[in-house]
file query-v1.pdb (PDB, C-alpha atoms and all ligand atoms)
ATOM      1  CA  HIS A  89      21.739  16.111 -44.468
ATOM      2  CA  ALA A  90      18.356  16.147 -42.732
ATOM      3  CA  LYS A  91      19.119  12.768 -41.271
ATOM      4  CA  LYS A  92      22.339  14.061 -39.810
ATOM      5  CA  ASN A  93      20.542  17.007 -38.225
ATOM      6  CA  LYS A  94      17.960  14.728 -36.718
ATOM      7  CA  LYS A  95      20.663  12.652 -35.119
ATOM      8  CA  VAL A  96      22.266  15.706 -33.554
ATOM      9  CA  TYR A  97      18.882  16.938 -32.382
ATOM     10  CA  GLN A  98      18.098  13.603 -30.732
ATOM     11  CA  VAL A  99      21.243  13.718 -28.662
ATOM     12  CA  TYR A 100      20.371  17.178 -27.348
ATOM     13  CA  ASP A 101      16.635  16.581 -27.010
ATOM     14  CA  PRO A 102      15.794  18.120 -23.618
ATOM     15  CA  GLN A 103      13.469  15.210 -22.836
ATOM     16  CA  PHE A 104      16.541  13.046 -23.120
ATOM     17  CA  ASP A 105      18.349  12.924 -19.802
ATOM     18  CA  ILE A 106      21.203  15.447 -19.558
ATOM     19  CA  ASN A 107      23.371  12.564 -18.455
ATOM     20  CA  ALA A 108      22.562  10.603 -21.605
ATOM     21  CA  LEU A 109      26.032   9.181 -21.973
ATOM     22  CA  GLU A 110      26.119   8.186 -18.364
ATOM     23  CA  ARG A 111      22.784   6.446 -18.835
ATOM     24  CA  LEU A 112      23.972   4.622 -21.904
ATOM     25  CA  PHE A 113      26.986   3.474 -19.981
ATOM     26  CA  LEU A 114      24.859   2.316 -17.062
ATOM     27  CA  THR A 115      22.422   0.472 -19.335
ATOM     28  CA  ASN A 116      25.211  -1.571 -20.853
ATOM     29  CA  SER A 117      26.853  -2.375 -17.569
ATOM     30  CA  LEU A 118      23.678  -3.068 -15.535
ATOM     31  CA  LYS A 119      23.282  -6.464 -17.153
ATOM     32  CA  GLN A 120      26.840  -7.275 -16.198
ATOM     33  CA  ALA A 121      26.297  -5.897 -12.699
ATOM     34  CA  ILE A 122      23.379  -8.250 -12.133
ATOM     35  CA  GLU A 123      25.344 -11.214 -13.419
ATOM     36  CA  GLU A 124      28.501 -10.340 -11.473
ATOM     37  CA  ASN A 125      26.797  -9.605  -8.157
ATOM     38  CA  GLU A 126      27.620  -5.920  -8.025
ATOM     39  CA  LEU A 127      24.187  -5.268  -6.560
ATOM     40  CA  VAL A 128      23.750  -5.155  -2.810
ATOM     41  CA  LEU A 129      20.709  -4.994  -0.548
ATOM     42  CA  PHE A 130      20.316  -2.522   2.299
ATOM     43  CA  TYR A 131      17.604  -3.110   4.885
ATOM     44  CA  GLN A 132      15.495  -0.454   6.546
ATOM     45  CA  PRO A 133      13.691  -1.499   9.743
ATOM     46  CA  LYS A 134       9.967  -0.920  10.273
ATOM     47  CA  LEU A 135       8.859  -0.242  13.822
ATOM     48  CA  CYS A 136       5.681  -1.906  15.102
ATOM     49  CA  LEU A 137       3.979   0.998  16.879
ATOM     50  CA  LYS A 138       1.899  -1.248  19.131
ATOM     51  CA  THR A 139       4.804  -3.194  20.653
ATOM     52  CA  MET A 140       7.586  -0.697  19.797
ATOM     53  CA  THR A 141       9.699  -3.552  18.412
ATOM     54  CA  ILE A 142      11.268  -4.236  15.007
ATOM     55  CA  SER A 143       9.466  -7.061  13.260
ATOM     56  CA  HIS A 144       9.811  -6.062   9.610
ATOM     57  CA  VAL A 145      12.470  -4.712   7.247
ATOM     58  CA  GLU A 146      12.357  -3.450   3.674
ATOM     59  CA  ALA A 147      15.049  -4.562   1.220
ATOM     60  CA  LEU A 148      16.346  -1.657  -0.882
ATOM     61  CA  VAL A 149      18.780  -2.346  -3.693
ATOM     62  CA  ARG A 150      21.983  -0.404  -4.403
ATOM     63  CA  TRP A 151      24.624  -0.867  -7.046
ATOM     64  CA  GLN A 152      28.159  -1.159  -5.701
ATOM     65  CA  HIS A 153      29.934   0.049  -8.805
ATOM     66  CA  PRO A 154      33.682  -0.733  -8.952
ATOM     67  CA  GLU A 155      34.536   2.808 -10.117
ATOM     68  CA  LYS A 156      31.525   4.966  -9.344
ATOM     69  CA  GLY A 157      30.836   3.719  -5.840
ATOM     70  CA  LEU A 158      27.375   3.155  -4.402
ATOM     71  CA  ILE A 159      24.689   4.060  -6.966
ATOM     72  CA  PRO A 160      21.173   4.689  -5.574
ATOM     73  CA  PRO A 161      18.220   2.733  -7.047
ATOM     74  CA  ASP A 162      16.518   5.805  -8.516
ATOM     75  CA  SER A 163      19.464   6.037 -10.953
ATOM     76  CA  PHE A 164      19.071   2.547 -12.393
ATOM     77  CA  ILE A 165      15.589   1.109 -11.669
ATOM     78  CA  SER A 166      14.084   3.150 -14.513
ATOM     79  CA  ILE A 167      16.911   1.997 -16.798
ATOM     80  CA  ALA A 168      16.155  -1.615 -15.892
ATOM     81  CA  GLU A 169      12.479  -0.971 -16.651
ATOM     82  CA  LYS A 170      13.170   0.621 -20.039
ATOM     83  CA  THR A 171      15.726  -1.946 -21.147
ATOM     84  CA  GLY A 172      13.880  -5.127 -20.273
ATOM     85  CA  GLN A 173      16.074  -5.973 -17.281
ATOM     86  CA  MET A 174      13.451  -5.712 -14.554
ATOM     87  CA  ASP A 175      12.804  -9.427 -14.469
ATOM     88  CA  ALA A 176      16.507 -10.217 -13.938
ATOM     89  CA  LEU A 177      16.886  -7.429 -11.377
ATOM     90  CA  THR A 178      13.858  -8.419  -9.302
ATOM     91  CA  ARG A 179      14.889 -12.069  -9.370
ATOM     92  CA  TRP A 180      18.354 -11.097  -8.096
ATOM     93  CA  VAL A 181      16.812  -8.965  -5.317
ATOM     94  CA  THR A 182      14.344 -11.707  -4.378
ATOM     95  CA  LYS A 183      17.019 -14.409  -4.186
ATOM     96  CA  ALA A 184      19.273 -12.202  -2.054
ATOM     97  CA  ALA A 185      16.411 -11.170   0.261
ATOM     98  CA  VAL A 186      15.248 -14.759   0.748
ATOM     99  CA  ALA A 187      18.844 -15.838   1.502
ATOM    100  CA  GLN A 188      19.032 -13.070   4.121
ATOM    101  CA  TYR A 189      15.679 -14.097   5.613
ATOM    102  CA  VAL A 190      16.931 -17.681   5.931
ATOM    103  CA  SER A 191      20.243 -16.505   7.444
ATOM    104  CA  TRP A 192      18.455 -14.398  10.089
ATOM    105  CA  LEU A 193      16.087 -17.271  10.794
ATOM    106  CA  GLU A 194      19.085 -19.539  11.445
ATOM    107  CA  GLN A 195      20.229 -16.981  14.029
ATOM    108  CA  GLY A 196      16.821 -17.165  15.687
ATOM    109  CA  ILE A 197      15.516 -13.915  14.201
ATOM    110  CA  ASP A 198      12.254 -14.229  12.291
ATOM    111  CA  ILE A 199      11.859 -10.891  10.571
ATOM    112  CA  ASN A 200       9.468 -10.184   7.709
ATOM    113  CA  ILE A 201      11.309  -8.904   4.615
ATOM    114  CA  ALA A 202       9.585  -6.638   2.116
ATOM    115  CA  ILE A 203      10.692  -6.761  -1.513
ATOM    116  CA  ASN A 204       9.864  -4.028  -4.020
ATOM    117  CA  ILE A 205       8.452  -5.392  -7.239
ATOM    118  CA  SER A 206       7.805  -3.512 -10.452
ATOM    119  CA  ALA A 207       4.702  -3.274 -12.654
ATOM    120  CA  GLN A 208       6.521  -5.465 -15.159
ATOM    121  CA  ASN A 209       6.761  -8.278 -12.605
ATOM    122  CA  ILE A 210       2.977  -8.645 -12.406
ATOM    123  CA  LEU A 211       2.139  -8.597 -16.103
ATOM    124  CA  ASP A 212       2.235 -12.399 -16.239
ATOM    125  CA  LYS A 213       3.000 -15.280 -13.899
ATOM    126  CA  ASP A 214       6.727 -15.651 -14.702
ATOM    127  CA  TYR A 215       7.945 -13.758 -11.668
ATOM    128  CA  PRO A 216       5.090 -14.966  -9.391
ATOM    129  CA  ASN A 217       5.926 -18.579 -10.249
ATOM    130  CA  PHE A 218       9.599 -17.892  -9.569
ATOM    131  CA  VAL A 219       9.001 -16.402  -6.118
ATOM    132  CA  ILE A 220       6.488 -19.120  -5.200
ATOM    133  CA  ALA A 221       9.020 -21.814  -6.160
ATOM    134  CA  LEU A 222      11.669 -20.083  -4.060
ATOM    135  CA  LYS A 223       9.315 -19.943  -1.079
ATOM    136  CA  GLU A 224       8.608 -23.648  -1.422
ATOM    137  CA  GLN A 225      12.266 -24.533  -1.906
ATOM    138  CA  HIS A 226      13.186 -22.822   1.369
ATOM    139  CA  GLN A 227       9.937 -23.836   3.086
ATOM    140  CA  LEU A 228       9.282 -20.256   4.139
ATOM    141  CA  ARG A 229       6.298 -19.650   6.389
ATOM    142  CA  ASP A 230       3.321 -17.712   5.076
ATOM    143  CA  ASN A 231       3.674 -13.933   5.497
ATOM    144  CA  ALA A 232       7.463 -14.156   5.808
ATOM    145  CA  ILE A 233       7.771 -12.080   2.643
ATOM    146  CA  THR A 234       5.894  -8.923   1.769
ATOM    147  CA  LEU A 235       5.732  -7.784  -1.838
ATOM    148  CA  GLU A 236       5.502  -4.012  -2.227
ATOM    149  CA  VAL A 237       3.898  -2.917  -5.466
ATOM    150  CA  THR A 238       3.288   0.701  -6.421
ATOM    151  CA  GLU A 239      -0.165   2.111  -7.033
ATOM    152  CA  ASP A 240       0.595   2.921 -10.680
ATOM    153  CA  ALA A 241       1.521  -0.737 -11.328
ATOM    154  CA  VAL A 242      -2.030  -1.583 -10.346
ATOM    155  CA  VAL A 243      -3.701   1.268 -12.216
ATOM    156  CA  ALA A 244      -1.918   0.248 -15.445
ATOM    157  CA  ASP A 245      -3.999  -2.937 -15.685
ATOM    158  CA  PRO A 246      -6.240  -3.336 -12.629
ATOM    159  CA  GLU A 247      -7.811  -6.629 -13.728
ATOM    160  CA  LYS A 248      -4.512  -8.369 -14.447
ATOM    161  CA  ALA A 249      -2.942  -6.898 -11.313
ATOM    162  CA  THR A 250      -5.854  -8.111  -9.200
ATOM    163  CA  GLU A 251      -5.562 -11.609 -10.625
ATOM    164  CA  ILE A 252      -1.788 -11.849 -10.087
ATOM    165  CA  LEU A 253      -1.806 -10.264  -6.639
ATOM    166  CA  CYS A 254      -4.596 -12.601  -5.496
ATOM    167  CA  PHE A 255      -2.538 -15.524  -6.862
ATOM    168  CA  LEU A 256       0.494 -14.405  -4.824
ATOM    169  CA  TYR A 257      -1.639 -13.837  -1.730
ATOM    170  CA  ALA A 258      -3.089 -17.335  -2.076
ATOM    171  CA  HIS A 259       0.515 -18.627  -1.965
ATOM    172  CA  GLY A 260       1.289 -16.928   1.334
ATOM    173  CA  PHE A 261       2.746 -13.578   0.305
ATOM    174  CA  LYS A 262       1.661 -10.393   1.989
ATOM    175  CA  ILE A 263       0.782  -7.735  -0.587
ATOM    176  CA  SER A 264       1.418  -4.076   0.124
ATOM    177  CA  ILE A 265       0.499  -1.033  -1.929
ATOM    178  CA  ASP A 266       3.544   1.260  -1.969
ATOM    179  CA  ASP A 267       3.622   5.050  -2.317
ATOM    180  CA  TYR A 268      -0.089   5.183  -1.537
ATOM    181  CA  GLY A 269      -1.650   8.556  -2.232
ATOM    182  CA  THR A 270       0.599   9.502  -5.149
ATOM    183  CA  GLY A 271      -1.322   7.538  -7.782
ATOM    184  CA  TYR A 272      -4.926   7.460  -8.841
ATOM    185  CA  SER A 273      -6.314   4.190  -7.583
ATOM    186  CA  SER A 274      -9.908   4.441  -6.477
ATOM    187  CA  LEU A 275     -11.506   3.108  -3.347
ATOM    188  CA  ALA A 276     -13.352   0.522  -5.443
ATOM    189  CA  GLN A 277     -10.128  -0.741  -7.015
ATOM    190  CA  LEU A 278      -8.416  -1.069  -3.660
ATOM    191  CA  LYS A 279     -11.320  -2.984  -2.232
ATOM    192  CA  GLN A 280     -11.266  -5.348  -5.185
ATOM    193  CA  LEU A 281      -7.517  -5.888  -4.964
ATOM    194  CA  GLN A 282      -7.650  -7.596  -1.596
ATOM    195  CA  VAL A 283      -4.239  -6.308  -0.568
ATOM    196  CA  GLN A 284      -3.274  -6.536   3.097
ATOM    197  CA  GLU A 285      -1.313  -3.347   3.597
ATOM    198  CA  LEU A 286      -1.068   0.272   2.502
ATOM    199  CA  LYS A 287       2.142   2.253   2.660
ATOM    200  CA  ILE A 288       1.457   5.954   2.935
ATOM    201  CA  ASP A 289       3.909   7.838   0.755
ATOM    202  CA  ARG A 290       6.540   9.784   2.595
ATOM    203  CA  SER A 291       5.437  13.071   1.020
ATOM    204  CA  PHE A 292       2.406  12.969   3.373
ATOM    205  CA  VAL A 293       4.450  11.902   6.394
ATOM    206  CA  GLN A 294       7.618  14.000   6.353
ATOM    207  CA  HIS A 295       5.895  17.210   7.499
ATOM    208  CA  LEU A 296       3.148  15.654   9.633
ATOM    209  CA  ALA A 297       4.318  17.507  12.743
ATOM    210  CA  THR A 298       3.528  20.914  11.250
ATOM    211  CA  ASN A 299       1.259  20.389   8.255
ATOM    212  CA  GLU A 300      -2.428  20.196   9.121
ATOM    213  CA  ASN A 301      -3.447  19.086   5.611
ATOM    214  CA  ASP A 302      -1.081  16.138   5.811
ATOM    215  CA  GLN A 303      -2.591  15.221   9.174
ATOM    216  CA  ILE A 304      -6.071  15.241   7.627
ATOM    217  CA  ILE A 305      -4.940  13.092   4.681
ATOM    218  CA  VAL A 306      -3.107  10.573   6.854
ATOM    219  CA  ARG A 307      -5.949  10.356   9.383
ATOM    220  CA  SER A 308      -8.526   9.663   6.680
ATOM    221  CA  THR A 309      -6.220   7.165   4.953
ATOM    222  CA  LEU A 310      -5.847   5.280   8.231
ATOM    223  CA  GLU A 311      -9.606   5.243   8.690
ATOM    224  CA  LEU A 312     -10.223   4.080   5.124
ATOM    225  CA  ALA A 313      -7.565   1.361   5.328
ATOM    226  CA  HIS A 314      -8.745   0.113   8.691
ATOM    227  CA  ASN A 315     -12.359   0.012   7.518
ATOM    228  CA  LEU A 316     -11.209  -2.158   4.610
ATOM    229  CA  GLY A 317      -9.270  -4.404   7.004
ATOM    230  CA  LEU A 318      -5.809  -3.277   5.854
ATOM    231  CA  SER A 319      -2.841  -2.454   8.044
ATOM    232  CA  VAL A 320      -0.880   0.732   7.408
ATOM    233  CA  VAL A 321       2.818   1.560   7.161
ATOM    234  CA  ALA A 322       3.861   5.198   7.292
ATOM    235  CA  GLU A 323       7.183   5.819   5.544
ATOM    236  CA  GLY A 324       9.492   8.815   5.781
ATOM    237  CA  ILE A 325       9.255   9.478   9.527
ATOM    238  CA  GLU A 326      11.916  12.020  10.309
ATOM    239  CA  ASP A 327      11.009  13.174  13.824
ATOM    240  CA  ASP A 328       9.553  11.924  17.085
ATOM    241  CA  THR A 329       6.469  14.154  16.838
ATOM    242  CA  ALA A 330       5.353  12.342  13.674
ATOM    243  CA  LEU A 331       6.120   8.979  15.254
ATOM    244  CA  GLN A 332       4.056   9.710  18.388
ATOM    245  CA  TRP A 333       1.226  11.189  16.345
ATOM    246  CA  LEU A 334       1.028   8.084  14.118
ATOM    247  CA  LYS A 335       1.132   5.804  17.148
ATOM    248  CA  ALA A 336      -1.757   7.720  18.713
ATOM    249  CA  GLN A 337      -3.733   7.427  15.446
ATOM    250  CA  GLY A 338      -3.384   3.630  15.428
ATOM    251  CA  CYS A 339      -0.938   3.320  12.513
ATOM    252  CA  GLU A 340       0.589  -0.172  12.632
ATOM    253  CA  LEU A 341       4.134   0.260  11.285
ATOM    254  CA  ALA A 342       6.537   3.173  11.003
ATOM    255  CA  GLN A 343       9.603   3.528   8.806
ATOM    256  CA  GLY A 344      11.968   6.437   8.337
ATOM    257  CA  TYR A 345      15.306   8.042   9.024
ATOM    258  CA  PHE A 346      14.187   8.917  12.579
ATOM    259  CA  ILE A 347      14.139   5.179  13.348
ATOM    260  CA  SER A 348      16.979   4.147  11.035
ATOM    261  CA  LYS A 349      18.299   4.690   7.541
ATOM    262  CA  PRO A 350      18.572   1.612   5.306
ATOM    263  CA  LEU A 351      21.660  -0.352   6.414
ATOM    264  CA  PRO A 352      23.714  -3.287   5.115
ATOM    265  CA  ALA A 353      22.671  -6.533   6.857
ATOM    266  CA  GLU A 354      25.747  -6.697   9.134
ATOM    267  CA  THR A 355      25.295  -3.076  10.228
ATOM    268  CA  LEU A 356      21.617  -3.708  10.867
ATOM    269  CA  ASP A 357      22.571  -6.664  13.085
ATOM    270  CA  LEU A 358      24.680  -4.304  15.209
ATOM    271  CA  TRP A 359      21.959  -1.657  15.209
ATOM    272  CA  MET A 360      19.406  -4.231  16.385
ATOM    273  CA  LYS A 361      21.599  -5.098  19.367
ATOM    274  CA  ASN A 362      21.758  -1.458  20.466
ATOM    275  CA  THR A 363      18.311  -0.135  19.603
ATOM    276  CA  PRO A 364      15.812   0.589  22.396
ATOM    277  CA  TYR A 365      13.152  -1.038  20.174
ATOM    278  CA  HIS A 366      13.238  -4.601  21.512
TER     279      HIS A 366
HETATM  280  P1  LIG B   1      10.462   3.211  -1.902
HETATM  281  O1  LIG B   1      10.094   1.795  -2.124
HETATM  282  O2  LIG B   1       9.364   4.183  -1.659
HETATM  283  O3  LIG B   1      11.518   3.188  -0.706
HETATM  284  C1  LIG B   1      11.632   4.192   0.265
HETATM  285  C2  LIG B   1      12.737   5.161  -0.085
HETATM  286  O4  LIG B   1      12.674   6.240   0.837
HETATM  287  C3  LIG B   1      14.142   4.568   0.074
HETATM  288  O5  LIG B   1      15.009   5.201  -0.857
HETATM  289  C4  LIG B   1      14.503   4.994   1.473
HETATM  290  O6  LIG B   1      15.888   5.066   1.704
HETATM  291  C5  LIG B   1      13.888   6.356   1.536
HETATM  292  N1  LIG B   1      13.567   6.756   2.892
HETATM  293  C6  LIG B   1      13.279   5.966   3.940
HETATM  294  N2  LIG B   1      13.024   6.677   5.042
HETATM  295  C7  LIG B   1      13.161   7.975   4.692
HETATM  296  C8  LIG B   1      13.034   9.214   5.421
HETATM  297  O7  LIG B   1      12.747   9.269   6.612
HETATM  298  N3  LIG B   1      13.219  10.359   4.698
HETATM  299  C9  LIG B   1      13.552  10.343   3.390
HETATM  300  N4  LIG B   1      13.736  11.515   2.771
HETATM  301  N5  LIG B   1      13.680   9.204   2.676
HETATM  302  C10 LIG B   1      13.484   8.031   3.325
HETATM  303  P2  LIG B   1      15.962   4.362  -1.814
HETATM  304  O8  LIG B   1      16.535   3.202  -1.078
HETATM  305  O9  LIG B   1      16.888   5.319  -2.468
HETATM  306  O10 LIG B   1      14.963   3.765  -2.874
HETATM  307  C11 LIG B   1      14.268   4.603  -3.767
HETATM  308  C12 LIG B   1      13.241   3.846  -4.554
HETATM  309  O11 LIG B   1      13.883   2.901  -5.437
HETATM  310  C13 LIG B   1      12.315   2.989  -3.701
HETATM  311  O12 LIG B   1      11.307   3.800  -3.140
HETATM  312  C14 LIG B   1      11.806   2.018  -4.725
HETATM  313  O13 LIG B   1      10.770   2.582  -5.483
HETATM  314  C15 LIG B   1      13.017   1.820  -5.604
HETATM  315  N6  LIG B   1      13.681   0.571  -5.214
HETATM  316  C16 LIG B   1      14.606   0.351  -4.255
HETATM  317  N7  LIG B   1      14.971  -0.943  -4.219
HETATM  318  C17 LIG B   1      14.247  -1.576  -5.177
HETATM  319  C18 LIG B   1      14.168  -2.922  -5.637
HETATM  320  O14 LIG B   1      14.833  -3.843  -5.141
HETATM  321  N8  LIG B   1      13.310  -3.176  -6.671
HETATM  322  C19 LIG B   1      12.541  -2.199  -7.225
HETATM  323  N9  LIG B   1      11.693  -2.526  -8.217
HETATM  324  N10 LIG B   1      12.578  -0.926  -6.802
HETATM  325  C20 LIG B   1      13.426  -0.614  -5.797
HETATM  326 CA    CA B   2       8.899   0.295  -1.076
HETATM  327 CA    CA B   3       7.347   3.961  -0.726
HETATM  328 CA    CA B   4       8.829   5.986  -3.471
END
call {"tool": "encode", "arguments": {"input": "query-v1.pdb", "output": "structure tokens"}}
result
Amino acid sequence: HAKKNKKVYQVYDPQFDINALERLFLTNSLKQAIEENELVLFYQPKLCLKTMTISHVEALVRWQHPEKGLIPPDSFISIAEKTGQMDALTRWVTKAAVAQYVSWLEQGIDINIAINISAQNILDKDYPNFVIALKEQHQLRDNAITLEVTEDAVVADPEKATEILCFLYAHGFKISIDDYGTGYSSLAQLKQLQVQELKIDRSFVQHLATNENDQIIVRSTLELAHNLGLSVVAEGIEDDTALQWLKAQGCELAQGYFISKPLPAETLDLWMKNTPYH
């Protein structure tokens, strides 16, 4: 009887997602989705604030579900992480992004593509070896691909992360710390990591135009990063005031809805033809 109660309780445990059934359903079908190419990459341009041109994009995955439509990554990345599917998912994303890089290159467009990788992808050298082999297979130039890794992935095991990220850097990948400012990495850790780029989390950028505290945080982050020899991307730019302010402060790259939302590759091609950022 007690066992039965426990079962019922587990289903209604508030720490369990309210959409538990939905989640269960997604978990089972995610594996299939990866295998059957139901995933799709959108690309969000990054504006170089010095030249006011687009030289970088970030690949952001979506799930084109046959019945549910386009599912955003926040709904299934955590499922992939919890169900041991992050390796398969990141490999799919990496293959698709590299294919897109090569396709653009064939059209005469050499644009850096950033790929989001998860903490689980830098626990050992499985994924690093995979992406290095892919780079060699396609003879990609150094710095063609940026790998964005979140601060918490580094904090989880700083020594291992440092080793793996240095290994990837030595093989010509640009390493970027994503969502900077939301985690707890220390100055010392960052210095040791030898990453090349910081991405300031959008929570500090969205209200830059009006929030003086955010201005102080972003200004000191830029100073810190530049003193350590890192370039800086500000994400989540939603108005021109923030864009101009960041440009004046010497921020290298800007990304956000004000410039463009993430777009499918073909739509981005059209956007690139019509944007003033040439
Ligand atoms: P992220 O890496 O921090 O990506 C930026 C997110 O902010 C994207 O959401 C993007 O659409 C959104 N964004 C960009 N500009 C603006 C803006 O001006 N305002 C606002 N409010 N939002 C903006 P998206 O595409 O839904 O991705 C959410 C998160 O899912 C990503 O956050 C990343 O952590 C994760 N993710 C996406 N694709 C992948 C992937 O291929 N692999 C992994 N491991 N994670 C991914
Ligand atoms: Ca990112
Ligand atoms: Ca981010
Ligand atoms: Ca984020």
call {"tool": "atom_distance", "arguments": {"input": "query-v1.pdb", "atom1": "atom CA of A:Leu148", "atom2": "atom CA of A:Thr309"}}
result
24.9 Å
call {"tool": "residues_around", "arguments": {"input": "query-v1.pdb", "residues": "stretch 319-330 of chain A", "least_positions_apart": "4", "cutoff": "10 Å", "atoms": "only C-alpha atoms", "output": "ChimeraX atom specification"}}
result
/A:134-137,264-268,283-298,303,306,309-311,313-315,334-336,338-349
call {"tool": "closest_residue", "arguments": {"input": "query-v1.pdb", "among": "A:Gln337, A:Ser206, A:Ser191, A:Asn217", "to": "ligand CA 4 (chain B)", "atoms": "only C-alpha atoms and all ligand atoms"}}
result
A:Ser206
call {"tool": "axis_aligned_box", "arguments": {"input": "query-v1.pdb", "around": "stretch 301-309 of chain A", "padding_each_side": "5 Å", "output": "JSON"}}
result
{"center_x": -4.8, "center_y": 13.1, "center_z": 7.0, "size_x": 17.4, "size_y": 21.9, "size_z": 14.7}
call {"tool": "atom_distance", "arguments": {"input": "query-v1.pdb", "atom1": "atom CA of A:Leu356", "atom2": "atom CA of A:Tyr131"}}
result
7.2 Å
call {"tool": "residues_around", "arguments": {"input": "query-v1.pdb", "residues": "A:Arg179", "least_positions_apart": "5", "cutoff": "10 Å", "atoms": "only C-alpha atoms", "output": "list in words"}}
result
Ile122, Met174, Ala184, Ala185, Ile205, Asn209, Tyr215, Phe218 and Val219 of chain A
call {"tool": "write_last_selection", "arguments": {"input": "query-v1.pdb", "atoms": "C-alpha atoms", "output": "CSV table (one decimal), keeping the file's coordinate frame"}}
result
chain,number,residue,atom,x,y,z
A,122,ILE,CA,23.4,-8.2,-12.1
A,174,MET,CA,13.5,-5.7,-14.6
A,184,ALA,CA,19.3,-12.2,-2.1
A,185,ALA,CA,16.4,-11.2,0.3
A,205,ILE,CA,8.5,-5.4,-7.2
A,209,ASN,CA,6.8,-8.3,-12.6
A,215,TYR,CA,7.9,-13.8,-11.7
A,218,PHE,CA,9.6,-17.9,-9.6
A,219,VAL,CA,9.0,-16.4,-6.1
call {"tool": "resolve_selection", "arguments": {"input": "query-v1.pdb", "expression": "the PyMOL selection byres (((chain A and resi 247) around 12) and not hetatm)", "output": "ChimeraX atom specification"}}
result
/A:210-212,241-246,248-254,277-278,280-281
call {"tool": "residues_around", "arguments": {"input": "query-v1.pdb", "residues": "A:Gly260", "least_positions_apart": "2", "cutoff": "6 Å", "atoms": "all atoms listed in the file", "output": "JSON, numbers by chain"}}
result
{"A": [230, 231, 257, 258]}
call {"tool": "atom_distance", "arguments": {"input": "query-v1.pdb", "atom1": "atom CA of A:Ile203", "atom2": "atom CA of A:Asp357"}}
result
18.8 Å
call {"tool": "residues_near_ligand", "arguments": {"input": "query-v1.pdb", "ligand": "ligand CA 2 (chain B)", "cutoff": "7 Å", "atoms": "all atoms listed in the file", "output": "ChimeraX atom specification"}}
result
/A:146,204,236,266
call {"tool": "closest_residue", "arguments": {"input": "query-v1.pdb", "among": "A:Pro133, A:Gly271, A:Pro216, A:Gly157", "to": "ligand CA 4 (chain B)", "atoms": "all atoms listed in the file"}}
result
A:Gly271
call {"tool": "resolve_selection", "arguments": {"input": "query-v1.pdb", "expression": "the PyMOL selection byres (((chain A and resi 262) around 6) and not hetatm)", "output": "NGL selection string"}}
result
:A and (231 or 234 or 261 or 263)
call {"tool": "closest_residue", "arguments": {"input": "query-v1.pdb", "among": "A:Ile165, A:Leu114, A:Leu129, A:Met140", "to": "ligand CA 4 (chain B)", "atoms": "only C-alpha atoms and all ligand atoms"}}
result
A:Ile165
call {"tool": "closest_residue", "arguments": {"input": "query-v1.pdb", "among": "A:Pro364, A:Gly317, A:Pro352, A:Gly269", "to": "ligand CA 3 (chain B)", "atoms": "all atoms listed in the file"}}
result
A:Gly269
call {"tool": "closest_residue", "arguments": {"input": "query-v1.pdb", "among": "A:Asp214, A:Glu354, A:Glu126, A:Glu155", "to": "A:Leu256", "atoms": "all atoms listed in the file"}}
result
A:Asp214
